[in-house]
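Trainee: Data: target-v6.cif, mmCIF, C-alpha atoms.
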```
data_entry
loop_
_atom_site.label_atom_id
_atom_site.label_comp_id
_atom_site.auth_asym_id
_atom_site.auth_seq_id
_atom_site.Cartn_x
_atom_site.Cartn_y
_atom_site.Cartn_z
CA MET A 1 -21.13 0.40 -21.25
CA PHE A 2 -20.13 -2.92 -22.76
CA ASN A 3 -21.55 -5.24 -25.40
CA VAL A 4 -23.38 -8.33 -24.11
CA ASN A 5 -21.02 -10.46 -26.26
CA ASP A 6 -18.14 -9.42 -23.96
CA ILE A 7 -19.82 -10.93 -20.89
CA LYS A 8 -17.71 -13.16 -18.59
CA ASN A 9 -18.35 -15.08 -15.36
CA GLY A 10 -18.17 -12.78 -12.33
CA ILE A 11 -18.80 -9.53 -14.25
CA THR A 12 -21.31 -7.14 -12.61
CA PHE A 13 -23.71 -4.87 -14.44
CA LEU A 14 -26.86 -2.76 -14.04
CA TYR A 15 -30.06 -3.99 -15.69
CA GLU A 16 -33.61 -2.73 -15.11
CA GLY A 17 -32.59 -0.96 -11.90
CA SER A 18 -30.92 -3.98 -10.30
CA ILE A 19 -27.28 -5.02 -9.94
CA TYR A 20 -26.48 -8.47 -11.31
CA GLN A 21 -23.42 -10.70 -11.30
CA VAL A 22 -22.97 -13.32 -14.03
CA ILE A 23 -22.78 -16.86 -12.64
CA GLU A 24 -22.92 -18.73 -15.96
CA PHE A 25 -23.40 -17.82 -19.62
CA LEU A 26 -23.76 -19.59 -22.94
CA HIS A 27 -23.63 -18.16 -26.47
CA VAL A 28 -26.35 -19.84 -28.57
CA LYS A 29 -26.29 -19.76 -32.38
CA PRO A 30 -29.44 -21.52 -33.61
CA GLY A 31 -29.72 -22.71 -37.22
CA LYS A 32 -32.53 -20.23 -37.80
CA GLY A 33 -32.77 -16.74 -36.39
CA PRO A 34 -30.25 -14.50 -34.66
CA ALA A 35 -27.72 -15.59 -32.04
CA PHE A 36 -28.49 -14.92 -28.39
CA LEU A 37 -26.89 -15.20 -24.96
CA ARG A 38 -28.41 -17.37 -22.21
CA THR A 39 -27.27 -16.32 -18.71
CA LYS A 40 -27.68 -17.27 -15.08
CA LEU A 41 -27.50 -14.12 -12.94
CA LYS A 42 -27.37 -13.35 -9.22
CA ASN A 43 -29.15 -10.21 -8.03
CA LEU A 44 -26.60 -8.65 -5.64
CA ARG A 45 -29.26 -6.76 -3.67
CA THR A 46 -31.64 -9.65 -3.01
CA GLY A 47 -29.39 -12.68 -3.52
CA ALA A 48 -31.98 -14.22 -5.90
CA THR A 49 -30.75 -16.18 -8.91
CA ILE A 50 -32.51 -15.75 -12.25
CA GLU A 51 -32.06 -16.95 -15.81
CA LYS A 52 -32.17 -14.29 -18.52
CA THR A 53 -31.76 -14.38 -22.28
CA PHE A 54 -30.22 -11.40 -24.10
CA ASN A 55 -30.05 -10.54 -27.80
CA THR A 56 -26.44 -10.12 -28.93
CA ASN A 57 -26.91 -6.46 -29.95
CA ILE A 58 -27.68 -5.21 -26.42
CA LYS A 59 -25.34 -2.93 -24.47
CA LEU A 60 -25.17 -3.15 -20.66
CA GLU A 61 -23.88 -0.70 -18.08
CA LYS A 62 -21.02 -2.03 -15.97
CA ALA A 63 -21.46 -1.79 -12.18
CA MET A 64 -18.25 -1.06 -10.30
CA ILE A 65 -18.35 -3.08 -7.08
CA GLU A 66 -16.02 -2.06 -4.27
CA LYS A 67 -14.77 -4.72 -1.87
CA GLN A 68 -13.55 -4.39 1.70
CA SER A 69 -11.78 -7.20 3.57
CA VAL A 70 -13.29 -7.89 6.98
CA GLN A 71 -13.27 -10.62 9.60
CA PHE A 72 -16.40 -12.14 11.13
CA LEU A 73 -16.25 -11.57 14.89
CA TYR A 74 -19.47 -12.86 16.46
CA SER A 75 -23.25 -12.94 16.30
CA THR A 76 -25.78 -11.87 18.92
CA GLY A 77 -29.35 -12.80 18.12
CA ASP A 78 -29.99 -11.76 14.50
CA THR A 79 -27.03 -9.32 14.37
CA TYR A 80 -23.70 -10.35 12.85
CA THR A 81 -20.60 -8.24 13.56
CA PHE A 82 -17.63 -7.88 11.18
CA MET A 83 -14.42 -5.87 11.64
CA ASN A 84 -12.14 -4.21 9.10
CA MET A 85 -8.72 -5.47 10.19
CA GLU A 86 -6.93 -2.31 8.97
CA THR A 87 -9.15 0.41 10.43
CA TYR A 88 -10.73 -1.67 13.25
CA GLU A 89 -14.09 -0.25 12.14
CA GLN A 90 -16.97 -2.62 12.94
CA VAL A 91 -19.92 -3.29 10.62
CA GLU A 92 -23.11 -4.96 11.77
CA LEU A 93 -25.39 -6.86 9.38
CA ASN A 94 -28.70 -8.47 10.22
CA LYS A 95 -29.84 -11.98 9.36
CA ASP A 96 -32.02 -10.73 6.47
CA GLN A 97 -29.05 -8.99 4.78
CA LEU A 98 -26.96 -12.18 4.95
CA GLY A 99 -29.57 -14.77 3.99
CA ASP A 100 -28.20 -18.32 3.84
CA ASP A 101 -24.62 -17.04 4.15
CA ILE A 102 -25.07 -17.21 7.96
CA TYR A 103 -24.60 -21.00 7.75
CA TYR A 104 -21.01 -20.49 6.56
CA LEU A 105 -19.93 -17.89 9.13
CA LYS A 106 -17.75 -18.92 12.04
CA ASP A 107 -15.67 -16.75 14.37
CA GLY A 108 -12.47 -15.45 12.77
CA LEU A 109 -13.51 -16.19 9.15
CA ASP A 110 -12.07 -13.69 6.65
CA VAL A 111 -14.69 -12.48 4.13
CA GLU A 112 -15.25 -9.45 1.90
CA LEU A 113 -18.09 -6.94 2.02
CA SER A 114 -19.28 -5.70 -1.36
CA PHE A 115 -20.47 -2.12 -1.93
CA TYR A 116 -22.01 -0.29 -4.88
CA LYS A 117 -21.74 3.51 -4.61
CA GLY A 118 -21.66 3.26 -0.80
CA GLU A 119 -24.61 0.83 -0.62
CA LEU A 120 -23.73 -2.38 1.23
CA LEU A 121 -24.74 -5.32 -0.97
CA GLY A 122 -23.59 -8.24 1.13
CA VAL A 123 -20.84 -10.68 2.00
CA ILE A 124 -18.50 -12.47 -0.41
CA LEU A 125 -17.50 -15.79 1.15
CA PRO A 126 -14.37 -17.80 0.40
CA GLU A 127 -15.05 -20.54 -2.17
CA LYS A 128 -14.51 -23.33 0.40
CA ILE A 129 -14.53 -23.33 4.20
CA GLU A 130 -13.75 -25.80 7.00
CA LEU A 131 -16.59 -26.72 9.36
CA GLN A 132 -16.82 -29.33 12.12
CA VAL A 133 -19.48 -32.06 12.22
CA LYS A 134 -21.66 -31.47 15.28
CA HIS A 135 -24.07 -34.38 14.82
CA THR A 136 -24.46 -37.30 12.43
CA GLU A 137 -25.78 -40.86 12.65
CA PRO A 138 -23.11 -43.58 12.77
CA GLY A 139 -22.48 -45.31 9.44
CA VAL A 140 -24.00 -48.79 9.23
CA LYS A 141 -21.47 -51.47 8.29
CA GLY A 142 -22.45 -53.33 5.15
CA ASN A 143 -24.57 -50.44 3.85
CA THR A 144 -22.29 -49.83 0.89
CA THR A 145 -24.55 -49.07 -2.01
CA ASN A 146 -23.03 -46.74 -4.60
CA ASN A 147 -22.46 -43.24 -3.23
CA ALA A 148 -24.31 -43.92 0.03
CA THR A 149 -24.70 -40.70 2.04
CA LYS A 150 -26.25 -39.49 5.28
CA ASP A 151 -27.14 -36.12 6.82
CA ALA A 152 -24.60 -34.32 9.00
CA GLU A 153 -25.30 -31.18 11.02
CA LEU A 154 -22.31 -28.84 11.12
CA GLU A 155 -21.19 -26.38 13.83
CA THR A 156 -22.99 -23.45 12.15
CA GLY A 157 -26.35 -25.24 11.82
CA LEU A 158 -25.86 -26.16 8.15
CA THR A 159 -27.01 -29.68 7.21
CA VAL A 160 -25.16 -31.42 4.36
CA ARG A 161 -25.12 -34.88 2.80
CA VAL A 162 -21.84 -36.68 3.59
CA PRO A 163 -20.40 -40.17 2.92
CA LEU A 164 -21.17 -42.87 5.52
CA PHE A 165 -17.59 -42.91 6.89
CA ILE A 166 -17.82 -39.36 8.30
CA ASP A 167 -18.10 -39.21 12.12
CA GLU A 168 -18.98 -36.53 14.67
CA GLY A 169 -16.15 -34.13 15.48
CA GLU A 170 -14.47 -34.40 12.05
CA MET A 171 -13.50 -31.28 10.11
CA LEU A 172 -14.96 -31.10 6.60
CA ILE A 173 -14.40 -28.82 3.62
CA ILE A 174 -17.71 -27.41 2.34
CA SER A 175 -18.32 -25.47 -0.88
CA THR A 176 -20.00 -22.11 -0.21
CA ARG A 177 -21.27 -21.98 -3.82
CA ASP A 178 -23.67 -24.92 -3.49
CA GLY A 179 -23.43 -25.94 0.18
CA LYS A 180 -22.11 -29.42 -0.59
CA TYR A 181 -19.49 -31.63 1.02
CA VAL A 182 -16.13 -31.51 -0.81
CA SER A 183 -13.78 -33.60 1.35
CA ARG A 184 -12.33 -34.14 4.79
CA ALA A 185 -10.12 -31.29 5.99
#
```
Could you render the structure from this file as structure tokens?
Mentor:
Amino acid sequence: MFNVNDIKNGITFLYEGSIYQVIEFLHVKPGKGPAFLRTKLKNLRTGATIEKTFNTNIKLEKAMIEKQSVQFLYSTGDTYTFMNMETYEQVELNKDQLGDDIYYLKDGLDVELSFYKGELLGVILPEKIELQVKHTEPGVKGNTTNNATKDAELETGLTVRVPLFIDEGEMLIISTRDGKYVSRA
């Protein structure tokens, strides 16, 4: 158990039968009334993100999440295969278990699987990954309004907004947190 005042980004805890990870938090001390904690939480079973407010006198139960390093091997249909590089044990996950994370998976990518008491919760992706532009419209010369962007489809099927100077075949760095273009690779 820990006090809600000790909360930090990334901490995992049990609340109302679900396992949550803290994405963001803010201590609020209004002029009137008691202080409270405003949080943004990710449900590790469903992947849903919620906002929750806690009183500062609440105690929460910490959830110990185990992690296992694996490498993404391949996908066939809706099945995605990962391999533990130490034991060579293979784990298969379906499209529903991975959700939108499938758009960041490419062969040979090192990721972590997260478990809670033996229950597989999902995949923990690296913060940034390199993906190749599969298709994008050519940039139009003279179209230089501030922060002009266009759509680009990447090798995994993910579509992101990129600057006009990006061409097909280029390698880009994409943030897995929000799915946005970071820079050229």
Trainee: Once you count only C-alpha atoms, what closest atom pair and distance in Å to one decimal does each residue of region 84-142 of chain A within 6 Å of region 164-168 of chain A have, with rows by chain and rising residue number, as a Markdown table?
Mentor:
```
| residue | atom | partner | partner_atom | distance |
| --- | --- | --- | --- | --- |
| A:Val133 | CA | A:Glu168 | CA | 5.1 |
| A:Lys134 | CA | A:Glu168 | CA | 5.8 |
| A:His135 | CA | A:Glu168 | CA | 5.5 |
| A:Thr136 | CA | A:Glu168 | CA | 6.0 |
| A:Gly139 | CA | A:Leu164 | CA | 4.8 |
```
Trainee: Calculated over all atoms listed in the file, which of the candidates A:Asn94, A:Asn43, A:Asn5, A:Gln21 has the smallest distance to Asn57 (chain A)?
Mentor: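 Closest to Asn57 (chain A), using all atoms listed in the file: A:Asn5.
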Trainee: Applying 9 Å and all atoms listed in the file, which residues near Lys117 (chain A) remain after dropping the ones on its own chain fewer than 2 positions away? List them as an NGL selection string.
Mentor: :A and (64-66 or 115 or 119-120)
Trainee: Please, what distance in Å, to one decimal, runs between CA of Ser175 (chain A) and CA of Ile19 (chain A)?
Mentor: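 Result for CA of Ser175 (chain A) versus CA of Ile19 (chain A): 24.1 Å, one decimal.
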Trainee: Rank A:Glu16, A:Asp151, A:Glu130, A:Asp96 by their smallest atom-to-atom distance to Ser183 (chain A), using all atoms listed in the file, and report the top residue only.
Mentor: A:Glu130
Trainee: Here's the selection I'm unsure about, the PyMOL selection byres ((chain A and resi 178) around 12); applied to the file above, which residues does it give, as a PyMOL selection string?
Mentor: chain A and resi 100-101+103-104+125+127-128+158+160-161+174-177+179-182
Trainee: Write the residues you've just listed into a file as a PDB file, in the frame of the given file, and include C-alpha atoms for each of them.
Mentor:
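To be explicit, this is the file written out as again16.pdb:
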```pdb
ATOM      1  CA  ASP A 100     -28.200 -18.320   3.840  1.00  0.00           C
ATOM      2  CA  ASP A 101     -24.620 -17.040   4.150  1.00  0.00           C
ATOM      3  CA  TYR A 103     -24.600 -21.000   7.750  1.00  0.00           C
ATOM      4  CA  TYR A 104     -21.010 -20.490   6.560  1.00  0.00           C
ATOM      5  CA  LEU A 125     -17.500 -15.790   1.150  1.00  0.00           C
ATOM      6  CA  GLU A 127     -15.050 -20.540  -2.170  1.00  0.00           C
ATOM      7  CA  LYS A 128     -14.510 -23.330   0.400  1.00  0.00           C
ATOM      8  CA  LEU A 158     -25.860 -26.160   8.150  1.00  0.00           C
ATOM      9  CA  VAL A 160     -25.160 -31.420   4.360  1.00  0.00           C
ATOM     10  CA  ARG A 161     -25.120 -34.880   2.800  1.00  0.00           C
ATOM     11  CA  ILE A 174     -17.710 -27.410   2.340  1.00  0.00           C
ATOM     12  CA  SER A 175     -18.320 -25.470  -0.880  1.00  0.00           C
ATOM     13  CA  THR A 176     -20.000 -22.110  -0.210  1.00  0.00           C
ATOM     14  CA  ARG A 177     -21.270 -21.980  -3.820  1.00  0.00           C
ATOM     15  CA  GLY A 179     -23.430 -25.940   0.180  1.00  0.00           C
ATOM     16  CA  LYS A 180     -22.110 -29.420  -0.590  1.00  0.00           C
ATOM     17  CA  TYR A 181     -19.490 -31.630   1.020  1.00  0.00           C
ATOM     18  CA  VAL A 182     -16.130 -31.510  -0.810  1.00  0.00           C
TER      19      VAL A 182
END
```
Trainee: Find the spatial neighbours of Asn55 (chain A), counting all atoms listed in the file, within a cut-off of 8 Å - ignore same-chain residues fewer than 4 positions away - and output them as a PyMOL selection string.
Mentor: chain A and resi 4+34-37
Trainee: How would you write, as a ChimeraX atom specification, the residues chosen by the PyMOL selection byres ((chain A and resi 70) around 7) on this structure?
Mentor: /A:68-69,71-72,82-85,110-113
Trainee: What's the separation between CA of Lys150 (chain A) and CA of Ile129 (chain A), in Å to one decimal place?
Mentor: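 If I compute the distance from CA of Lys150 (chain A) to CA of Ile129 (chain A), I get 20.0 Å.
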Trainee: Would you compute the distance between CA of Tyr80 (chain A) and CA of Gly47 (chain A)? Give it in Å to one decimal.
Mentor: 17.5 Å
Trainee: With distances taken over all atoms listed in the file, which residue among A:Leu14, A:Leu131, A:Leu154, A:Ile102 lies nearest Arg45 (chain A)?
Mentor: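 The closest residue to Arg45 (chain A) is A:Leu14.
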Trainee: Taking all atoms of region 166-179 of chain A that appear in the file, build a box with edges along x, y and z, extend it by 6 Å on every side, and state its centre and edge lengths in Å to one decimal, as AutoDock Vina command-line options.
Mentor:
```
--center_x -18.6 --center_y -30.7 --center_z 5.8 --size_x 22.2 --size_y 29.4 --size_z 31.3
```
Trainee: Once the PyMOL selection byres ((chain A and resi 25) around 9) is applied to the coordinates I shared, what remains selected? I want it as a PyMOL selection string.
Mentor: chain A and resi 7-9+22-24+26-27+37-41
Trainee: Between A:Met1, A:Leu105, A:Val28, A:Leu98, which has the minimum distance to Leu60 (chain A) (counting all atoms listed in the file)?
Mentor: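 The shortest atom-to-atom distance to Leu60 (chain A) comes from A:Met1.
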Trainee: Considering only C-alpha atoms, can you say which of A:Tyr74, A:Asn3, A:Thr46, A:Lys62 comes closest to Tyr15 (chain A)?
Mentor: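 Ranked by minimum distance to Tyr15 (chain A), first place goes to A:Lys62.
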